[in-house]
file protein_36.txt (compact mmCIF, C-alpha atoms)
# COMPACT_ATOMS: atom_id res chain seq x y z
CA MET A 782 26.50 90.88 70.05
CA ASP A 783 29.73 91.87 68.27
CA ASP A 784 33.27 90.83 69.10
CA ALA A 785 33.99 93.96 71.10
CA THR A 786 31.23 93.13 73.54
CA PRO A 787 32.29 91.47 76.81
CA GLY A 788 31.34 87.81 76.99
CA ALA A 789 30.72 87.46 73.25
CA ALA A 790 32.75 84.26 72.91
CA GLY A 791 32.63 81.02 74.82
CA PRO A 792 30.25 78.10 75.35
CA THR A 793 26.50 78.55 75.55
CA VAL A 794 23.67 76.70 77.25
CA PRO A 795 22.42 73.90 74.98
CA ALA A 796 18.76 74.61 75.58
CA GLY A 797 15.91 76.52 74.04
CA TRP A 798 16.67 79.78 75.84
CA PRO A 799 19.85 81.77 76.46
CA GLY A 800 20.19 81.61 80.24
CA LEU A 801 23.41 83.47 81.02
CA ALA A 802 24.97 82.66 77.65
CA GLY A 803 27.09 85.58 76.46
CA LEU A 804 28.19 86.48 79.99
CA ARG A 805 31.90 85.91 80.63
CA VAL A 806 33.28 85.61 84.15
CA LEU A 807 36.95 85.40 85.12
CA ASP A 808 37.30 83.29 88.26
CA LEU A 809 40.44 84.16 90.22
CA SER A 810 39.20 82.42 93.37
CA ARG A 811 40.29 79.23 95.08
CA LEU A 812 38.53 76.61 97.18
CA LEU A 813 34.82 76.68 98.05
CA PRO A 814 33.14 80.11 98.17
CA GLY A 815 34.33 81.52 94.86
CA GLY A 816 34.19 78.12 93.21
CA PHE A 817 30.56 77.59 94.22
CA ALA A 818 29.57 81.12 93.19
CA THR A 819 31.04 80.72 89.71
CA LEU A 820 29.66 77.17 89.46
CA LEU A 821 26.15 78.60 89.75
CA LEU A 822 26.90 81.07 86.97
CA ALA A 823 28.52 78.39 84.81
CA ASP A 824 25.59 76.00 85.28
CA LEU A 825 23.31 78.77 84.03
CA GLY A 826 25.37 79.21 80.88
CA ALA A 827 28.01 81.82 81.67
CA ASP A 828 31.46 81.29 80.17
CA VAL A 829 33.50 80.93 83.36
CA ILE A 830 37.25 81.03 82.82
CA LYS A 831 39.13 79.76 85.83
CA VAL A 832 42.42 81.71 86.04
CA GLU A 833 44.96 79.55 87.88
CA SER A 834 48.57 79.98 88.94
CA PRO A 835 51.25 77.86 87.27
CA ASP A 836 52.26 76.19 90.55
CA GLY A 837 49.40 73.69 90.73
CA GLY A 838 46.48 76.10 90.53
CA ASP A 839 43.49 75.89 92.86
CA TYR A 840 44.35 74.23 96.19
CA GLY A 841 41.15 72.26 95.85
CA ARG A 842 42.73 70.08 93.19
CA LEU A 843 44.96 68.59 95.88
CA VAL A 844 42.70 68.78 98.94
CA ASP A 845 39.70 66.85 97.60
CA PRO A 846 39.55 66.04 93.87
CA ASP A 847 35.90 64.93 94.00
CA THR A 848 34.73 68.14 95.66
CA PHE A 849 36.87 70.13 93.24
CA ALA A 850 35.21 68.30 90.34
CA ALA A 851 31.74 69.15 91.68
CA LEU A 852 32.60 72.84 92.14
CA ASN A 853 34.25 73.37 88.77
CA ARG A 854 32.21 71.63 86.09
CA ASN A 855 31.30 73.65 83.00
CA LYS A 856 34.36 75.91 83.41
CA ARG A 857 37.52 76.47 81.39
CA SER A 858 40.99 76.68 82.93
CA VAL A 859 43.70 79.14 81.95
CA VAL A 860 47.12 79.31 83.57
CA LEU A 861 48.51 82.82 84.11
CA ASP A 862 51.28 83.92 86.44
CA LEU A 863 49.85 87.13 87.88
CA ARG A 864 53.12 87.80 89.68
CA GLN A 865 54.70 88.51 86.29
CA PRO A 866 53.95 91.51 84.02
CA GLU A 867 53.07 89.24 81.10
CA GLY A 868 50.48 87.40 83.15
CA ARG A 869 48.92 90.62 84.40
CA ASP A 870 48.83 92.07 80.89
CA THR A 871 47.09 88.97 79.58
CA LEU A 872 44.56 89.11 82.39
CA LEU A 873 43.76 92.73 81.57
CA ARG A 874 43.20 91.75 77.92
CA LEU A 875 40.71 89.17 79.17
CA VAL A 876 39.11 91.74 81.48
CA ALA A 877 38.54 94.00 78.47
CA ARG A 878 36.35 91.27 76.96
CA SER A 879 34.65 90.00 80.10
CA ASP A 880 31.70 91.02 82.24
CA ALA A 881 32.89 90.12 85.72
CA VAL A 882 35.85 89.06 87.82
CA VAL A 883 35.36 86.96 90.95
CA GLU A 884 38.18 86.79 93.50
CA SER A 885 38.58 85.52 97.04
CA HIS A 886 41.93 86.90 98.19
CA ARG A 887 42.31 88.76 101.44
CA PRO A 888 41.57 92.48 101.10
CA GLY A 889 44.42 94.36 99.44
CA VAL A 890 46.04 91.43 97.64
CA LEU A 891 44.79 92.40 94.17
CA GLU A 892 45.91 95.98 94.77
CA LYS A 893 49.42 94.77 95.58
CA LEU A 894 49.43 92.84 92.31
CA GLY A 895 48.43 95.99 90.42
CA LEU A 896 45.03 94.48 89.63
CA GLY A 897 42.72 96.38 91.95
CA TYR A 898 39.30 97.58 90.87
CA ALA A 899 40.58 100.90 89.51
CA ARG A 900 43.02 99.09 87.21
CA LEU A 901 40.40 96.61 86.04
CA ARG A 902 37.96 99.45 85.40
CA ALA A 903 40.57 101.23 83.32
CA ALA A 904 40.63 98.17 81.07
CA ASN A 905 36.82 97.90 80.97
CA ARG A 906 34.43 100.50 82.42
CA ARG A 907 31.68 97.89 82.60
CA ILE A 908 33.62 95.30 84.56
CA VAL A 909 32.08 94.01 87.79
CA LEU A 910 34.60 92.93 90.40
CA CYS A 911 33.12 90.59 93.02
CA SER A 912 35.45 90.28 96.01
CA ILE A 913 34.57 87.43 98.38
CA SER A 914 36.32 87.53 101.74
CA GLY A 915 35.74 86.35 105.28
CA PHE A 916 34.83 89.68 106.85
CA GLY A 917 34.58 92.12 103.97
CA GLN A 918 36.91 94.75 102.56
CA SER A 919 36.69 97.07 105.59
CA GLY A 920 36.20 96.99 109.35
CA PRO A 921 38.33 95.77 112.27
CA TYR A 922 38.16 92.09 111.19
CA ALA A 923 38.88 92.68 107.49
CA SER A 924 42.47 91.40 107.61
CA ARG A 925 41.74 88.39 109.81
CA PRO A 926 42.22 84.91 108.40
CA GLY A 927 39.23 82.65 108.82
CA HIS A 928 37.25 79.68 107.63
CA ASP A 929 33.61 78.68 107.63
CA LEU A 930 33.44 77.70 111.30
CA ASN A 931 34.90 81.05 112.39
CA PHE A 932 32.38 83.01 110.34
CA LEU A 933 29.51 80.95 111.74
CA ALA A 934 30.75 81.49 115.30
CA LEU A 935 30.48 85.27 114.89
CA SER A 936 27.29 85.32 112.79
CA GLY A 937 24.59 84.35 115.28
CA PHE A 938 24.35 80.86 113.78
CA PHE A 939 24.97 79.23 117.17
CA ALA A 940 22.45 81.55 118.82
CA VAL A 941 19.60 79.77 117.02
CA PRO A 942 18.61 76.82 119.22
CA HIS A 943 17.14 73.59 117.93
CA ARG A 944 16.32 72.03 121.31
CA ALA A 945 15.18 73.34 124.67
CA VAL A 946 18.41 72.19 126.31
CA GLY A 947 21.97 71.73 125.12
CA PRO A 948 24.20 73.78 122.82
CA VAL A 949 23.68 74.18 119.09
CA ASP A 950 25.63 71.55 117.17
CA ARG A 951 27.96 72.26 114.28
CA VAL A 952 26.80 70.99 110.90
CA GLY A 953 29.14 69.46 108.33
CA VAL A 954 27.94 71.56 105.41
CA ARG A 955 29.97 74.76 105.03
CA VAL A 956 27.04 77.08 105.61
CA ALA A 957 28.81 80.45 105.57
CA ASP A 958 30.84 79.57 102.49
CA THR A 959 27.85 78.40 100.47
CA ALA A 960 25.56 81.19 101.67
CA GLY A 961 28.17 83.78 100.71
CA ALA A 962 28.67 82.08 97.35
CA MET A 963 24.97 82.29 96.57
CA TYR A 964 24.85 86.00 97.43
CA ALA A 965 27.96 86.54 95.33
CA ALA A 966 26.48 84.79 92.29
CA LEU A 967 23.18 86.65 92.55
CA ALA A 968 24.84 90.03 93.12
CA THR A 969 27.26 89.48 90.25
CA ALA A 970 24.48 88.63 87.79
CA VAL A 971 22.45 91.65 88.91
CA ALA A 972 25.46 93.98 88.69
CA VAL A 973 26.42 92.72 85.23
CA PHE A 974 22.99 93.43 83.84
CA GLY A 975 23.06 96.80 85.56
CA ALA A 976 26.40 97.54 83.89
CA ARG A 977 24.99 96.61 80.51
CA ALA A 978 22.18 99.10 81.06
CA THR A 979 24.29 101.96 82.45
CA GLY A 980 27.72 101.33 80.93
CA GLU A 981 29.28 101.39 84.40
CA GLY A 982 30.50 98.42 86.44
CA GLN A 983 31.04 98.32 90.18
CA HIS A 984 32.97 96.61 92.98
CA LEU A 985 30.97 94.09 95.04
CA ASP A 986 32.13 93.46 98.62
CA VAL A 987 30.82 90.03 99.74
CA SER A 988 31.49 89.02 103.34
CA LEU A 989 31.00 85.35 104.26
CA HIS A 990 30.41 86.40 107.87
CA GLU A 991 27.64 88.77 106.80
CA ALA A 992 26.08 86.16 104.52
CA ALA A 993 25.86 83.73 107.43
CA ALA A 994 24.47 86.49 109.65
CA ALA A 995 21.77 87.24 107.06
CA TRP A 996 20.70 83.59 107.13
CA ALA A 997 20.73 83.40 110.93
CA ALA A 998 19.22 86.83 111.65
CA PRO A 999 15.48 86.08 111.14
CA PHE A 1000 15.76 83.43 113.86
CA ALA A 1001 18.49 84.85 116.12
CA LEU A 1002 17.46 88.51 116.26
CA SER A 1003 13.78 87.75 116.77
CA ARG A 1004 14.71 86.41 120.21
CA HIS A 1005 16.72 89.49 121.21
CA GLY A 1006 15.97 90.35 124.84
CA ARG A 1007 13.63 87.38 125.25
CA ALA A 1008 13.85 84.06 127.03
CA GLY A 1009 16.39 81.37 126.14
CA PRO A 1010 15.75 78.23 124.11
CA GLY A 1011 13.01 77.01 126.45
CA GLY A 1012 10.86 80.06 125.67
CA ASN A 1013 11.47 80.08 121.95
CA PRO A 1014 8.27 79.18 120.05
CA LEU A 1015 10.33 77.79 117.18
CA VAL A 1016 11.91 75.21 119.49
CA THR A 1017 9.48 72.33 119.97
CA GLY A 1018 9.68 68.79 121.25
CA ASP A 1019 7.86 67.31 118.26
CA ASN A 1020 10.16 68.79 115.61
CA ASP A 1021 13.36 66.86 116.09
CA VAL A 1022 15.56 63.88 115.26
CA PHE A 1023 14.88 60.65 117.13
CA VAL A 1024 16.97 57.50 117.58
CA LEU A 1025 15.27 54.21 116.71
CA ALA A 1026 15.73 50.73 118.19
CA CYS A 1027 18.23 49.82 115.46
CA GLY A 1028 20.35 52.91 116.07
CA ARG A 1029 19.17 54.63 112.91
CA ARG A 1030 17.53 58.06 113.09
CA LEU A 1031 14.19 59.45 111.97
CA THR A 1032 12.86 63.01 111.78
CA LEU A 1033 9.39 64.13 112.79
CA ALA A 1034 8.04 67.65 112.30
CA THR A 1035 4.43 67.75 113.45
CA PHE A 1036 4.48 71.52 113.89
CA GLU A 1037 0.80 71.94 112.92
CA ASP A 1038 -1.91 70.48 115.14
CA LYS A 1039 -3.46 68.38 112.38
CA PHE A 1040 -0.23 66.47 111.90
CA TRP A 1041 0.28 65.85 115.62
CA ILE A 1042 -3.29 64.61 116.01
CA ALA A 1043 -3.00 62.31 113.00
CA PHE A 1044 0.25 60.85 114.34
CA ARG A 1045 -1.06 60.49 117.89
CA GLN A 1046 -4.32 58.85 116.89
CA ARG A 1047 -2.62 56.45 114.48
CA PHE A 1048 -0.34 55.05 117.19
CA ALA A 1049 -2.32 55.59 120.41
CA GLY A 1050 -3.47 51.97 120.44
CA ARG A 1051 0.09 50.64 120.46
CA PHE A 1052 1.61 53.38 122.63
CA PRO A 1053 -0.83 54.36 125.44
CA ALA A 1054 1.08 57.56 126.23
CA LEU A 1055 -0.16 58.93 122.90
CA ALA A 1056 -3.80 58.46 123.87
CA ASP A 1057 -3.66 61.65 125.93
CA ASP A 1058 -5.04 64.68 124.01
CA ALA A 1059 -3.34 67.18 126.35
CA TYR A 1060 -0.87 68.21 123.65
CA ASP A 1061 -3.23 68.52 120.69
CA ARG A 1062 -2.78 72.29 120.53
CA ARG A 1063 0.46 73.84 119.36
CA ALA A 1064 0.74 76.17 122.34
CA ASP A 1065 0.38 73.27 124.77
CA ARG A 1066 3.02 71.19 122.97
CA THR A 1067 5.39 74.15 122.95
CA ARG A 1068 4.99 74.79 126.67
CA ALA A 1069 5.63 71.12 127.39
CA LYS A 1070 8.36 70.71 124.76
CA GLU A 1071 10.72 68.73 126.99
CA LYS A 1072 7.98 66.31 128.05
CA VAL A 1073 6.79 65.94 124.44
CA ARG A 1074 10.29 65.19 123.21
CA ALA A 1075 10.85 62.63 125.96
CA LEU A 1076 7.54 60.98 125.10
CA LEU A 1077 8.43 60.74 121.42
CA ALA A 1078 11.98 59.59 122.13
CA ASP A 1079 10.57 56.68 124.13
CA VAL A 1080 8.00 55.84 121.45
CA PHE A 1081 10.46 55.84 118.55
CA ALA A 1082 13.04 53.79 120.48
CA ARG A 1083 10.61 50.82 120.57
CA HIS A 1084 11.01 49.82 116.91
CA ASP A 1085 13.56 49.85 114.12
CA LEU A 1086 13.60 51.87 110.90
CA ALA A 1087 11.95 49.17 108.80
CA TRP A 1088 9.00 49.01 111.20
CA TRP A 1089 8.58 52.76 111.42
CA SER A 1090 8.90 53.22 107.68
CA ALA A 1091 6.13 50.70 107.08
CA ALA A 1092 3.95 52.12 109.86
CA LEU A 1093 4.31 55.74 108.76
CA SER A 1094 4.01 55.03 105.04
CA GLY A 1095 0.76 56.51 103.77
CA LEU A 1096 0.18 58.56 106.91
CA ASP A 1097 -0.06 62.25 106.01
CA VAL A 1098 2.48 63.61 108.51
CA PRO A 1099 5.91 65.23 107.98
CA TRP A 1100 8.43 62.50 108.69
CA ALA A 1101 11.55 61.19 107.00
CA PRO A 1102 14.38 58.79 107.68
CA VAL A 1103 17.81 60.34 108.06
CA HIS A 1104 20.06 59.45 105.15
CA GLU A 1105 23.35 58.61 106.86
CA SER A 1106 25.38 58.07 103.69
CA ALA A 1107 25.75 59.26 100.11
CA GLU A 1108 24.58 55.81 98.97
CA GLU A 1109 21.25 56.21 100.76
CA PHE A 1110 20.75 59.64 99.26
CA LEU A 1111 21.52 58.39 95.75
CA ALA A 1112 19.08 55.48 96.15
CA ASP A 1113 16.20 57.67 97.35
CA GLU A 1114 13.26 57.11 95.00
CA HIS A 1115 12.37 60.81 94.90
CA VAL A 1116 15.96 61.80 94.06
CA VAL A 1117 15.89 59.25 91.24
CA ALA A 1118 12.45 60.29 89.96
CA ARG A 1119 13.40 63.95 89.84
CA GLY A 1120 16.68 63.28 88.06
CA LEU A 1121 18.45 65.26 90.76
CA VAL A 1122 21.73 63.41 90.32
CA GLY A 1123 23.50 62.84 87.02
CA THR A 1124 27.07 62.20 86.03
CA VAL A 1125 29.94 64.07 84.42
CA PRO A 1126 33.08 62.45 83.01
CA GLY A 1127 35.75 61.51 85.52
CA PRO A 1128 39.50 61.87 85.06
CA PRO A 1129 41.06 60.03 82.13
CA GLY A 1130 40.61 56.32 82.74
CA GLY A 1131 38.33 56.96 85.73
CA ASP A 1132 34.65 56.35 86.27
CA PRO A 1133 32.03 59.07 85.71
CA ARG A 1134 31.38 61.17 88.81
CA PRO A 1135 27.86 61.57 90.25
CA GLN A 1136 26.88 65.20 90.76
CA VAL A 1137 23.74 67.08 91.73
CA ARG A 1138 22.31 69.16 88.89
CA PHE A 1139 21.42 72.84 89.25
CA PRO A 1140 18.51 72.55 91.74
CA VAL A 1141 15.87 74.35 89.68
CA LEU A 1142 13.87 72.82 86.84
CA PHE A 1143 13.46 75.43 84.11
CA GLY A 1144 10.46 74.98 81.85
CA ALA A 1145 12.63 76.02 78.91
CA GLY A 1146 15.24 73.42 79.82
CA LEU A 1147 18.72 73.55 81.30
CA ASP A 1148 21.52 71.02 81.01
CA SER A 1149 23.71 71.91 83.97
CA LEU A 1150 25.84 68.76 83.85
CA ARG A 1151 27.45 69.60 80.52
CA GLY A 1152 31.14 69.19 81.17
CA ALA A 1153 33.67 67.96 83.71
CA ALA A 1154 35.97 70.21 85.72
CA PRO A 1155 38.89 71.29 83.53
CA ALA A 1156 42.40 70.01 83.87
CA HIS A 1157 44.92 72.57 85.12
CA GLY A 1158 45.45 75.01 82.24
CA GLU A 1159 43.48 72.85 79.81
CA HIS A 1160 42.04 75.82 77.90
CA THR A 1161 44.95 78.29 78.02
CA ALA A 1162 45.76 78.08 74.31
CA GLU A 1163 42.09 78.06 73.34
CA VAL A 1164 41.16 81.16 75.35
CA LEU A 1165 44.24 83.14 74.33
CA ALA A 1166 43.55 82.31 70.68
CA GLU A 1167 40.00 83.62 71.13
CA ILE A 1168 41.10 86.99 72.49
CA ASP A 1169 43.82 87.29 69.85
CA ALA A 1170 41.22 86.72 67.13
CA ALA A 1171 38.76 89.11 68.77
CA ASP A 1172 41.43 91.81 69.04
CA ARG A 1173 42.31 91.44 65.37
CA ARG A 1174 38.69 91.71 64.29
CA HIS A 1175 38.14 94.72 66.50
CA GLU A 1176 41.15 96.49 64.98
CA GLU A 1177 40.06 95.91 61.40
CA PRO A 1178 38.66 99.00 59.61
CA GLN A 1179 34.88 99.07 59.64
call {"tool": "encode", "arguments": {"input": "protein_36.txt", "output": "structure tokens"}}
result
Amino acid sequence: MDDATPGAAGPTVPAGWPGLAGLRVLDLSRLLPGGFATLLLADLGADVIKVESPDGGDYGRLVDPDTFAALNRNKRSVVLDLRQPEGRDTLLRLVARSDAVVESHRPGVLEKLGLGYARLRAANRRIVLCSISGFGQSGPYASRPGHDLNFLALSGFFAVPHRAVGPVDRVGVRVADTAGAMYAALATAVAVFGARATGEGQHLDVSLHEAAAAWAAPFALSRHGRAGPGGNPLVTGDNDVFVLACGRRLTLATFEDKFWIAFRQRFAGRFPALADDAYDRRADRTRAKEKVRALLADVFARHDLAWWSAALSGLDVPWAPVHESAEEFLADEHVVARGLVGTVPGPPGGDPRPQVRFPVLFGAGLDSLRGAAPAHGEHTAEVLAEIDAADRRHEEPQ
């Protein structure tokens, strides 16, 4: 790959295969969705250059430094003032030697800056612009402000019940933001390789609302025109979270008959209500879901987590304690055995930060915890020197 090729410079994956090495992404986004999308690409070896404003950069640096650190490892930071002609000119020089640009402004903001897709394409026909927004670049909601909870509310997420009675609860994980980020990362990688084959880039319109709807749809739309939660075959009394005598929680998911029977028979001697075989078939348990849940709630409330963990250990049924804290998750023997959590350097003088590695084990190897999140503008001089050198080499007579 010669110097005139987008993505030629920058760090590579220190493993026995290239991953996304040689792919350069300019990240103009802030906060979670764009940051998570480009994190995935950076973990896989892309050279992600985080383009930040001079007035503090990404809001995430101030909101939650630990979350910012987790979303921005393996990236480089460049400070450019895109409100000024010099900053825009420098960005376009970077675009000429990059594969993709990821941004998360409201629709129309890049156009107002003179950096819309047409202008980026004029600098590089193969550039892929991935625009992540709440509701997409068009439609009646396009200009609305919004955050994860708003996108979930309109996506069908809350139309997927988890119990026969009661409303669907909100989860703490930002589902729409992370779902949209994953679609953005996948679509960007696909579009970049398409551009390398055809010589033509494209503009990707990623809607966080639509990403959440795509996740919810297989469960929400399948119930269209049918009964409510009570008639939903995916809502069962034996697939739930139960409170124990100590106040801790435990999950049971005996969806298949063999697991229910194994559980029932193991504990029937201690809990006479489980001696009844009336619910040994899935259809019968589903029809009686409220009675089954009440039965199990009473059973689990009789003992604490230590007792249940010992009693269920070795029994081949789907159960698990609920990890209520980061400390419990980090101490989980399976998490430790799989090497799921490693560390990256903390801020100067600070302790290393625990982070979850890229959640796929590649046979060829992948070190996804290579570097800490960059300081604001840490790599400005380095990156600008790279494009200056590349421009000089490209201008030299062949």
call {"tool": "atom_distance", "arguments": {"input": "protein_36.txt", "atom1": "atom CA of Glu1163 of chain A", "atom2": "atom CA of Glu981 of chain A"}}
result
28.8 Å
call {"tool": "axis_aligned_box", "arguments": {"input": "protein_36.txt", "around": "segment 1131-1138 of chain A", "padding_each_side": "4 Å", "output": "JSON"}}
result
{"center_x": 30.3, "center_y": 62.8, "center_z": 88.7, "size_x": 24.0, "size_y": 20.8, "size_z": 14.0}
call {"tool": "atom_distance", "arguments": {"input": "protein_36.txt", "atom1": "atom CA of Asp824 of chain A", "atom2": "atom CA of Leu852 of chain A"}}
result
10.3 Å
call {"tool": "atom_distance", "arguments": {"input": "protein_36.txt", "atom1": "atom CA of Pro1014 of chain A", "atom2": "atom CA of Asp929 of chain A"}}
result
28.2 Å
call {"tool": "closest_residue", "arguments": {"input": "protein_36.txt", "among": "A:Leu801, A:Val973, A:Ala945, A:Leu1093", "to": "Gly826 of chain A", "atoms": "only C-alpha atoms"}}
result
A:Leu801
call {"tool": "closest_residue", "arguments": {"input": "protein_36.txt", "among": "A:Pro1099, A:Leu873, A:Ala1026, A:Gly1018", "to": "Asp1065 of chain A", "atoms": "only C-alpha atoms"}}
result
A:Gly1018
call {"tool": "residues_around", "arguments": {"input": "protein_36.txt", "residues": "Leu1025 of chain A", "least_positions_apart": "2", "cutoff": "8 Å", "atoms": "all atoms listed in the file", "output": "ChimeraX atom specification"}}
result
/A:1023,1027-1031,1081-1086
